[in-house]
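A.B. asks: One structure, as structure tokens, below. Some questions next.
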Amino acid sequence: MEFECILVETKEKVGLITLNRPKALNALNDQLMNELGVALKAFEHNDTIQCIVITGSQKAFAAGADIAAMANYSFMDAYKGDYITRNWETIRQIRKPVIAAVAGYALGGGCELAMMCDFIIAADNAKFGQPEVKLGTLPGAGGTQRLPRAISKAKAMDMCLTARMMDAEEAERAGLVSRIVPADMLLEEALSAAATIASMSLPVIMMIKESVNRAYETTLSEGVHFERRLFHSSFGTEDQKEGMKAFLEKRTPEFKNQ
Ligand code: HXC
């Protein structure tokens with residue numbers, strides 16, 4: 001498939017997707033979200049890819065859902081067609097890790113897309129916000145749900161109700177992003193984190209992702225039980241044998257994803 005709104009590259013075991021509608025600050029329209037879904041699924045099914053990075057431009061990761069595209073939707077358009085959000089869930093089906101590398105604006109759906117990734121690495125110029133309230137609507141791709149889980153009710157309410165943007169420093173303090181790097185180092189840092197992940201055992205990486213995500217869906221005792229079962233399963237992999245043997249032999253493990 002030819003992509004028009006994203007750029008897709010591979011860097012050894014890492015798949016890189018760059019949102020690319022610069023004139024609209026990467027506003028997320030139906031076409032872009034469809035293309036993103038296709039690219040993500042292709043990486044999911046590509047055996048050589050072990051980690052995925054999604055990034056935007058220096059000015060904007062994404063300035064939100066495309067306001068021009070949805071401005072005239074009726075309730076029926078939105079509800080029956082589900083045009084705005086129908087293709088936003090594909091990323092949740094991806095079992096390989098997905099890192100968001102965010103520079104500039106991550107607003108509205110842009111912030112929500114970043115939060116759907118497994119973690120966010122931010123450039124020092126990153127700005128996060130949920131400004132939908134200024135448009136007479138509310139976050140529609142998880143903002144009111146993932147923000148309180150990622151930061152706190154107080155900050156989530158503040159952001160969603162006032163449309164205040166959070167800079168990278170505050171976002172890191174609050175726990176929304178895992179690291180901040182100078183803007184010109186963002187991609188290098190994100191690709192390096194992705195390469196580190198990609199050097200591990202893929203099935204184990206997938207188990208870790210599944211287990212951490214379970215923390216948001218269940219009670220502590222159920223979550224710990226789930227984790228323990230996956231921990232037990234890891235002993236059924238050749239990679240666990242190799243990882244522990246390599247440690248004892250003081251050498252780097254060679255994981256085979258088996
Ligand atoms: C469509 C957008 C856009 C958007 C920017 N543009 N954001 N087009 N949808 N979300 C376009 C502008 O119209 C403009 O086009 C060009 O990008 C450059 O933007 P400017 O505003 O001129 O740039 P600047 O002055 O630097 O301001 C940057 C900005 C501002 C602060 C990010 O663009 C802004 O406030 N954007 C909207 C942010 C927002 O409200 N996002 C939430 C959307 S609702 P022209 O043609 O004039 O050059 C949402 C709901 C999600 O996301 C629901 C789940 C699906």
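Ordering of the structure tokens sets the chain letters (A, B, ...), residue numbers begin anew at 1 in every chain, and ligands are numbered from 1 in the order given.
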Produce a table with one row for each residue of chain A that has an atom at most 7 Å from any atom of ligand 1, each row naming the nearest atom pair and its distance in Å at one decimal; use only C-alpha atoms and all ligand atoms; arrange rows by chain and rising residue number; format as a tab-separated table.
C.D. replies:
residue	atom	partner	partner_atom_place_in_ligand_line	distance
A:Lys23	CA	ligand 1	16 (C)	5.5
A:Ala24	CA	ligand 1	17 (O)	3.4
A:Leu25	CA	ligand 1	17 (O)	4.8
A:Ala27	CA	ligand 1	4 (C)	4.7
A:Ala63	CA	ligand 1	7 (N)	4.6
A:Gly64	CA	ligand 1	52 (O)	3.5
A:Ala65	CA	ligand 1	52 (O)	3.7
A:Asp66	CA	ligand 1	9 (N)	3.5
A:Ile67	CA	ligand 1	9 (N)	3.9
A:Ala68	CA	ligand 1	1 (C)	5.2
A:Ile84	CA	ligand 1	55 (C)	5.1
A:Thr85	CA	ligand 1	55 (C)	4.8
A:Tyr105	CA	ligand 1	32 (C)	5.9
A:Leu107	CA	ligand 1	41 (N)	5.1
A:Gly108	CA	ligand 1	52 (O)	3.6
A:Gly109	CA	ligand 1	52 (O)	3.7
A:Gly110	CA	ligand 1	52 (O)	6.4
A:Gln130	CA	ligand 1	42 (C)	6.6
A:Pro131	CA	ligand 1	40 (O)	5.0
A:Glu132	CA	ligand 1	44 (S)	5.0
A:Leu135	CA	ligand 1	40 (O)	6.6
A:Leu138	CA	ligand 1	50 (C)	6.8
A:Pro139	CA	ligand 1	53 (C)	5.0
A:Gly140	CA	ligand 1	53 (C)	3.9
A:Ala141	CA	ligand 1	54 (C)	4.2
A.B. asks: Within 8 Å of region 111-122 of chain A, counting only C-alpha atoms, which residues qualify if same-chain residues fewer than 3 places away don't, as an MDAnalysis selection string?
C.D. replies: chainID A and resid 62 64 91:92 97:103 106:108 125:126 128:130 141:143 146:147 168 176:181 186 190 209
A.B. asks: Please list as a list in words every residue within 12 Å of Glu9 (chain A), counting only C-alpha atoms and excluding residues in the same chain fewer than 3 positions away.
C.D. replies: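 Here the qualifying residues turn out to be Phe3, Ile6, Glu12, Lys13, Val14, Gly15, Leu16, Ile17, Thr18, Leu19, Ala39, Leu40, Ala42, Phe43, Ile49, Ile52, Val53, Ile54, Thr55 and Leu191 of chain A.
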A.B. asks: Keeping only all heavy atoms, write those residues as a compact mmCIF listing (two decimals), in the first residue's frame.
C.D. replies:
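Contents of the output file part_19.txt:
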# COMPACT_ATOMS: atom_id res chain seq x y z
N PHE A 3 1.56 4.96 1.03
CA PHE A 3 1.09 5.84 2.09
C PHE A 3 1.26 7.30 1.68
O PHE A 3 2.26 7.67 1.07
CB PHE A 3 1.88 5.59 3.38
CG PHE A 3 1.69 4.19 3.94
CD1 PHE A 3 2.78 3.34 4.10
CD2 PHE A 3 0.44 3.75 4.32
CE1 PHE A 3 2.62 2.07 4.63
CE2 PHE A 3 0.26 2.48 4.85
CZ PHE A 3 1.35 1.64 4.99
N ILE A 6 1.77 9.15 6.10
CA ILE A 6 2.82 8.69 7.02
C ILE A 6 4.03 8.24 6.20
O ILE A 6 3.89 7.93 5.00
CB ILE A 6 2.35 7.50 7.90
CG1 ILE A 6 1.91 6.30 7.04
CG2 ILE A 6 1.21 7.91 8.81
CD1 ILE A 6 1.63 5.04 7.86
N GLU A 12 16.91 -1.93 11.00
CA GLU A 12 17.17 -3.28 11.50
C GLU A 12 15.90 -3.87 12.11
O GLU A 12 14.93 -4.04 11.39
CB GLU A 12 18.36 -3.27 12.47
CG GLU A 12 19.61 -2.81 11.73
CD GLU A 12 20.86 -2.87 12.54
OE1 GLU A 12 20.82 -3.26 13.71
OE2 GLU A 12 21.91 -2.53 11.98
N LYS A 13 15.88 -4.09 13.44
CA LYS A 13 14.70 -4.76 14.03
C LYS A 13 13.63 -3.77 14.48
O LYS A 13 12.69 -4.14 15.18
CB LYS A 13 15.12 -5.60 15.22
CG LYS A 13 16.03 -6.77 14.87
CD LYS A 13 16.41 -7.45 16.18
CE LYS A 13 17.26 -8.67 15.96
NZ LYS A 13 17.68 -9.26 17.23
N VAL A 14 13.80 -2.50 14.14
CA VAL A 14 12.86 -1.46 14.60
C VAL A 14 12.07 -0.90 13.42
O VAL A 14 12.64 -0.58 12.38
CB VAL A 14 13.62 -0.32 15.32
CG1 VAL A 14 12.65 0.80 15.73
CG2 VAL A 14 14.37 -0.86 16.53
N GLY A 15 10.76 -0.81 13.61
CA GLY A 15 9.91 -0.19 12.59
C GLY A 15 9.63 1.25 12.99
O GLY A 15 9.25 1.52 14.14
N LEU A 16 9.84 2.16 12.06
CA LEU A 16 9.65 3.59 12.36
C LEU A 16 8.52 4.15 11.51
O LEU A 16 8.54 4.03 10.28
CB LEU A 16 10.96 4.35 12.08
CG LEU A 16 10.89 5.88 12.20
CD1 LEU A 16 10.56 6.32 13.62
CD2 LEU A 16 12.22 6.50 11.74
N ILE A 17 7.55 4.75 12.18
CA ILE A 17 6.43 5.38 11.47
C ILE A 17 6.45 6.87 11.80
O ILE A 17 6.43 7.26 12.97
CB ILE A 17 5.07 4.78 11.93
CG1 ILE A 17 5.04 3.28 11.65
CG2 ILE A 17 3.91 5.50 11.23
CD1 ILE A 17 3.80 2.55 12.19
N THR A 18 6.54 7.70 10.77
CA THR A 18 6.55 9.15 10.97
C THR A 18 5.24 9.74 10.44
O THR A 18 4.93 9.59 9.25
CB THR A 18 7.76 9.78 10.23
OG1 THR A 18 8.95 9.11 10.64
CG2 THR A 18 7.87 11.28 10.54
N LEU A 19 4.49 10.37 11.32
CA LEU A 19 3.25 11.04 10.90
C LEU A 19 3.66 12.21 10.00
O LEU A 19 4.56 12.98 10.35
CB LEU A 19 2.47 11.52 12.13
CG LEU A 19 2.25 10.46 13.22
CD1 LEU A 19 1.50 11.06 14.40
CD2 LEU A 19 1.51 9.25 12.67
N ALA A 39 0.11 0.18 8.66
CA ALA A 39 1.56 0.09 8.89
C ALA A 39 1.86 -0.65 10.20
O ALA A 39 2.78 -1.48 10.26
CB ALA A 39 2.16 1.50 8.95
N LEU A 40 1.07 -0.38 11.23
CA LEU A 40 1.28 -1.07 12.51
C LEU A 40 1.07 -2.57 12.36
O LEU A 40 1.86 -3.38 12.84
CB LEU A 40 0.32 -0.52 13.57
CG LEU A 40 0.68 0.85 14.16
CD1 LEU A 40 -0.50 1.42 14.96
CD2 LEU A 40 1.92 0.76 15.05
N ALA A 42 1.31 -4.32 9.65
CA ALA A 42 2.38 -4.89 8.81
C ALA A 42 3.62 -5.15 9.68
O ALA A 42 4.27 -6.21 9.56
CB ALA A 42 2.71 -3.96 7.65
N PHE A 43 3.95 -4.21 10.56
CA PHE A 43 5.10 -4.43 11.45
C PHE A 43 4.80 -5.57 12.43
O PHE A 43 5.69 -6.35 12.76
CB PHE A 43 5.44 -3.16 12.22
CG PHE A 43 6.21 -2.14 11.41
CD1 PHE A 43 6.04 -0.79 11.64
CD2 PHE A 43 7.12 -2.54 10.45
CE1 PHE A 43 6.75 0.16 10.90
CE2 PHE A 43 7.84 -1.62 9.70
CZ PHE A 43 7.66 -0.25 9.94
N ILE A 49 10.76 -7.45 12.72
CA ILE A 49 10.52 -6.25 13.53
C ILE A 49 10.16 -6.64 14.97
O ILE A 49 9.28 -7.45 15.19
CB ILE A 49 9.39 -5.39 12.92
CG1 ILE A 49 9.78 -4.89 11.53
CG2 ILE A 49 9.02 -4.22 13.84
CD1 ILE A 49 11.02 -4.00 11.50
N ILE A 52 8.44 -0.89 17.70
CA ILE A 52 7.94 0.11 16.75
C ILE A 52 8.06 1.49 17.41
O ILE A 52 7.82 1.63 18.61
CB ILE A 52 6.46 -0.20 16.41
CG1 ILE A 52 6.35 -1.58 15.75
CG2 ILE A 52 5.86 0.90 15.50
CD1 ILE A 52 4.94 -2.16 15.72
N VAL A 53 8.44 2.49 16.61
CA VAL A 53 8.48 3.88 17.09
C VAL A 53 7.53 4.69 16.23
O VAL A 53 7.55 4.58 14.99
CB VAL A 53 9.91 4.47 17.00
CG1 VAL A 53 9.90 5.95 17.39
CG2 VAL A 53 10.88 3.69 17.87
N ILE A 54 6.69 5.49 16.89
CA ILE A 54 5.85 6.44 16.16
C ILE A 54 6.31 7.84 16.52
O ILE A 54 6.46 8.17 17.70
CB ILE A 54 4.35 6.30 16.53
CG1 ILE A 54 3.85 4.88 16.26
CG2 ILE A 54 3.50 7.31 15.76
CD1 ILE A 54 2.39 4.65 16.63
N THR A 55 6.57 8.66 15.50
CA THR A 55 7.00 10.02 15.76
C THR A 55 6.29 10.98 14.82
O THR A 55 5.52 10.56 13.95
CB THR A 55 8.55 10.12 15.65
OG1 THR A 55 8.98 11.34 16.25
CG2 THR A 55 9.02 10.05 14.22
N LEU A 191 15.04 5.60 18.95
CA LEU A 191 15.49 4.44 18.17
C LEU A 191 16.45 3.58 18.99
O LEU A 191 16.46 2.35 18.88
CB LEU A 191 16.14 4.89 16.86
CG LEU A 191 15.17 5.46 15.81
CD1 LEU A 191 15.94 6.05 14.63
CD2 LEU A 191 14.18 4.40 15.33
A.B. asks: Give me, please, the distance in Å between CA of Gly223 (chain A) and CA of Phe235 (chain A), quoted to one decimal.
C.D. replies: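 These atoms are spaced 19.1 Å apart.
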A.B. asks: With only C-alpha atoms as the basis for distance, which of A:Lys153, A:Arg214, A:Ala198, A:Leu161 is at the shortest distance from Glu254 (chain A)?
C.D. replies: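 Smallest distance to Glu254 (chain A) is found for A:Ala198.
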A.B. asks: May I ask for the distance between CA of Arg95 (chain A) and CA of Glu44 (chain A), given in Å to one decimal place?
C.D. replies: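 Result for CA of Arg95 (chain A) versus CA of Glu44 (chain A): 7.2 Å, one decimal.
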A.B. asks: Check region 107-244 of chain A with DSSP on the backbone and list each residue it calls strand (DSSP E), as a list in words.
C.D. replies: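 Assigned to strand (DSSP E), within region 107-244 of chain A: Leu107, Phe119, Ile120, Ile121, Ala122, Ala123, Lys127, Phe128, Gly129, Met166, Asp167, Arg179, Ile180 and Val181 of chain A.
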A.B. asks: Store the residues picked out above in a file with N, CA and C atoms, as a JSON list (two decimals), in the first residue's frame.
C.D. replies:
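Once everything was written out, this is out.json:
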[["chain", "number", "residue", "atom", "x", "y", "z"],
["A", 107, "LEU", "N", -1.56, 17.25, 21.04],
["A", 107, "LEU", "CA", -2.80, 17.83, 21.55],
["A", 107, "LEU", "C", -3.99, 16.97, 21.17],
["A", 119, "PHE", "N", 5.11, 3.64, 25.90],
["A", 119, "PHE", "CA", 5.64, 4.75, 26.68],
["A", 119, "PHE", "C", 6.01, 5.89, 25.75],
["A", 120, "ILE", "N", 6.18, 7.05, 26.39],
["A", 120, "ILE", "CA", 6.43, 8.27, 25.62],
["A", 120, "ILE", "C", 7.82, 8.79, 25.97],
["A", 121, "ILE", "N", 8.63, 9.02, 24.95],
["A", 121, "ILE", "CA", 9.88, 9.76, 25.13],
["A", 121, "ILE", "C", 9.63, 11.15, 24.55],
["A", 122, "ALA", "N", 9.89, 12.18, 25.35],
["A", 122, "ALA", "CA", 9.56, 13.54, 24.92],
["A", 122, "ALA", "C", 10.80, 14.36, 24.61],
["A", 123, "ALA", "N", 10.69, 15.18, 23.57],
["A", 123, "ALA", "CA", 11.69, 16.21, 23.33],
["A", 123, "ALA", "C", 11.45, 17.33, 24.33],
["A", 127, "LYS", "N", 4.77, 19.56, 24.06],
["A", 127, "LYS", "CA", 3.65, 20.15, 24.80],
["A", 127, "LYS", "C", 2.44, 19.23, 24.67],
["A", 128, "PHE", "N", 1.91, 18.85, 25.82],
["A", 128, "PHE", "CA", 0.78, 17.92, 25.85],
["A", 128, "PHE", "C", -0.47, 18.66, 26.29],
["A", 129, "GLY", "N", -1.59, 18.34, 25.66],
["A", 129, "GLY", "CA", -2.83, 18.99, 26.09],
["A", 129, "GLY", "C", -4.05, 18.30, 25.54],
["A", 166, "MET", "N", 0.67, 21.09, 29.05],
["A", 166, "MET", "CA", 1.71, 20.68, 29.98],
["A", 166, "MET", "C", 3.02, 20.60, 29.21],
["A", 167, "ASP", "N", 4.08, 21.23, 29.71],
["A", 167, "ASP", "CA", 5.35, 21.12, 28.99],
["A", 167, "ASP", "C", 6.06, 19.80, 29.36],
["A", 179, "ARG", "N", 11.05, 9.80, 29.63],
["A", 179, "ARG", "CA", 12.33, 10.52, 29.57],
["A", 179, "ARG", "C", 12.15, 11.79, 28.75],
["A", 180, "ILE", "N", 13.01, 12.77, 29.01],
["A", 180, "ILE", "CA", 13.05, 13.98, 28.17],
["A", 180, "ILE", "C", 14.45, 14.07, 27.57],
["A", 181, "VAL", "N", 14.52, 14.41, 26.30],
["A", 181, "VAL", "CA", 15.82, 14.58, 25.66],
["A", 181, "VAL", "C", 15.80, 15.86, 24.84]]
A.B. asks: Please identify which residues in region 17-62 of chain A DSSP calls alpha helix (DSSP H) from the backbone, and express them as a PyMOL selection string.
C.D. replies: chain A and resi 30-45
A.B. asks: For the residues selected in the previous step, produce a file with N, CA and C atoms as a compact mmCIF listing (two decimals), in the first residue's frame.
C.D. replies:
# COMPACT_ATOMS: atom_id res chain seq x y z
N ASP A 30 -9.05 10.54 8.93
CA ASP A 30 -9.37 9.14 8.69
C ASP A 30 -8.26 8.43 7.90
N GLN A 31 -7.80 9.11 6.86
CA GLN A 31 -6.79 8.47 6.00
C GLN A 31 -5.51 8.19 6.79
N LEU A 32 -5.06 9.20 7.55
CA LEU A 32 -3.83 8.99 8.32
C LEU A 32 -4.02 7.84 9.32
N MET A 33 -5.14 7.82 10.00
CA MET A 33 -5.34 6.77 11.00
C MET A 33 -5.46 5.39 10.34
N ASN A 34 -6.08 5.34 9.15
CA ASN A 34 -6.13 4.06 8.42
C ASN A 34 -4.73 3.61 8.03
N GLU A 35 -3.96 4.55 7.51
CA GLU A 35 -2.59 4.20 7.09
C GLU A 35 -1.76 3.75 8.30
N LEU A 36 -1.92 4.45 9.41
CA LEU A 36 -1.19 4.08 10.62
C LEU A 36 -1.56 2.65 11.03
N GLY A 37 -2.85 2.33 10.96
CA GLY A 37 -3.29 0.98 11.32
C GLY A 37 -2.68 -0.07 10.40
N VAL A 38 -2.66 0.21 9.12
CA VAL A 38 -2.09 -0.74 8.15
C VAL A 38 -0.59 -0.94 8.42
N ALA A 39 0.11 0.18 8.66
CA ALA A 39 1.56 0.09 8.89
C ALA A 39 1.86 -0.65 10.20
N LEU A 40 1.07 -0.38 11.23
CA LEU A 40 1.28 -1.07 12.51
C LEU A 40 1.07 -2.57 12.36
N LYS A 41 0.00 -2.93 11.65
CA LYS A 41 -0.28 -4.36 11.47
C LYS A 41 0.81 -5.04 10.64
N ALA A 42 1.31 -4.32 9.65
CA ALA A 42 2.38 -4.89 8.81
C ALA A 42 3.62 -5.15 9.68
N PHE A 43 3.95 -4.21 10.56
CA PHE A 43 5.10 -4.43 11.45
C PHE A 43 4.80 -5.57 12.43
N GLU A 44 3.57 -5.64 12.90
CA GLU A 44 3.19 -6.72 13.82
C GLU A 44 3.42 -8.09 13.17
N HIS A 45 3.14 -8.17 11.87
CA HIS A 45 3.26 -9.45 11.17
C HIS A 45 4.64 -9.68 10.55
A.B. asks: With only C-alpha atoms as the basis for distance, which of A:Glu89, A:Asp82, A:Glu4, A:Glu238 is at the shortest distance from Pro253 (chain A)?
C.D. replies: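 The answer is A:Glu238, which sits nearest to Pro253 (chain A).
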A.B. asks: From the list A:Lys134, A:Arg229, A:Lys245, A:Arg149, which residue is nearest Glu217 (chain A) when using only C-alpha atoms?
C.D. replies: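 Result for the nearest residue to Glu217 (chain A): A:Arg149.
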A.B. asks: Using only C-alpha atoms, can you tell me which of A:Met70, A:Val8, A:Asp124, A:Ala150 comes closest to Ala215 (chain A)?
C.D. replies: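 Under the stated criterion, the closest residue is A:Ala150.
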A.B. asks: Using only C-alpha atoms, which residue out of A:Gln258, A:Asn46, A:Ser221, A:Asn29 lies closest to Asp239 (chain A)?
C.D. replies: A:Gln258
A.B. asks: Which residues are close to Met206 (chain A), i.e. within 10 Å by only C-alpha atoms, leaving aside same-chain residues fewer than 5 positions away? Reply as a list of chain:residue names.
C.D. replies: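 Selected residues are A:Gln50, A:Ile94, A:Arg95, A:Lys96, A:Pro97, A:Ser201, A:Ser211.
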A.B. asks: Generate a file of the selected residues that holds N, CA, C and O atoms, formatted as a tab-separated table (two decimals), in the first residue's frame.
C.D. replies:
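Output (part30.tsv):
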chain	number	residue	atom	x	y	z
A	50	GLN	N	10.87	-6.03	15.92
A	50	GLN	CA	10.61	-6.37	17.33
A	50	GLN	C	10.12	-5.20	18.14
A	50	GLN	O	9.68	-5.37	19.28
A	94	ILE	N	-1.80	-4.23	18.84
A	94	ILE	CA	-0.40	-4.54	18.54
A	94	ILE	C	0.27	-5.10	19.79
A	94	ILE	O	0.25	-4.48	20.85
A	95	ARG	N	0.86	-6.27	19.67
A	95	ARG	CA	1.45	-6.94	20.85
A	95	ARG	C	2.93	-6.65	20.99
A	95	ARG	O	3.52	-6.89	22.04
A	96	LYS	N	3.54	-6.11	19.94
A	96	LYS	CA	4.94	-5.68	20.07
A	96	LYS	C	4.96	-4.28	20.70
A	96	LYS	O	3.98	-3.53	20.55
A	97	PRO	N	6.06	-3.92	21.37
A	97	PRO	CA	6.10	-2.61	22.01
A	97	PRO	C	6.06	-1.47	20.99
A	97	PRO	O	6.65	-1.56	19.91
A	201	SER	N	14.39	-10.93	24.11
A	201	SER	CA	13.57	-12.01	23.56
A	201	SER	C	12.17	-11.47	23.24
A	201	SER	O	11.47	-10.99	24.15
A	211	SER	N	1.57	-7.97	30.56
A	211	SER	CA	1.41	-7.98	32.01
A	211	SER	C	1.29	-6.56	32.56
A	211	SER	O	0.45	-6.29	33.42
A.B. asks: One decimal, in Å: what's the spacing between CA of Ala171 (chain A) and CA of Ala154 (chain A)?
C.D. replies: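 CA of Ala154 (chain A) lies at a distance of 13.5 Å from CA of Ala171 (chain A).
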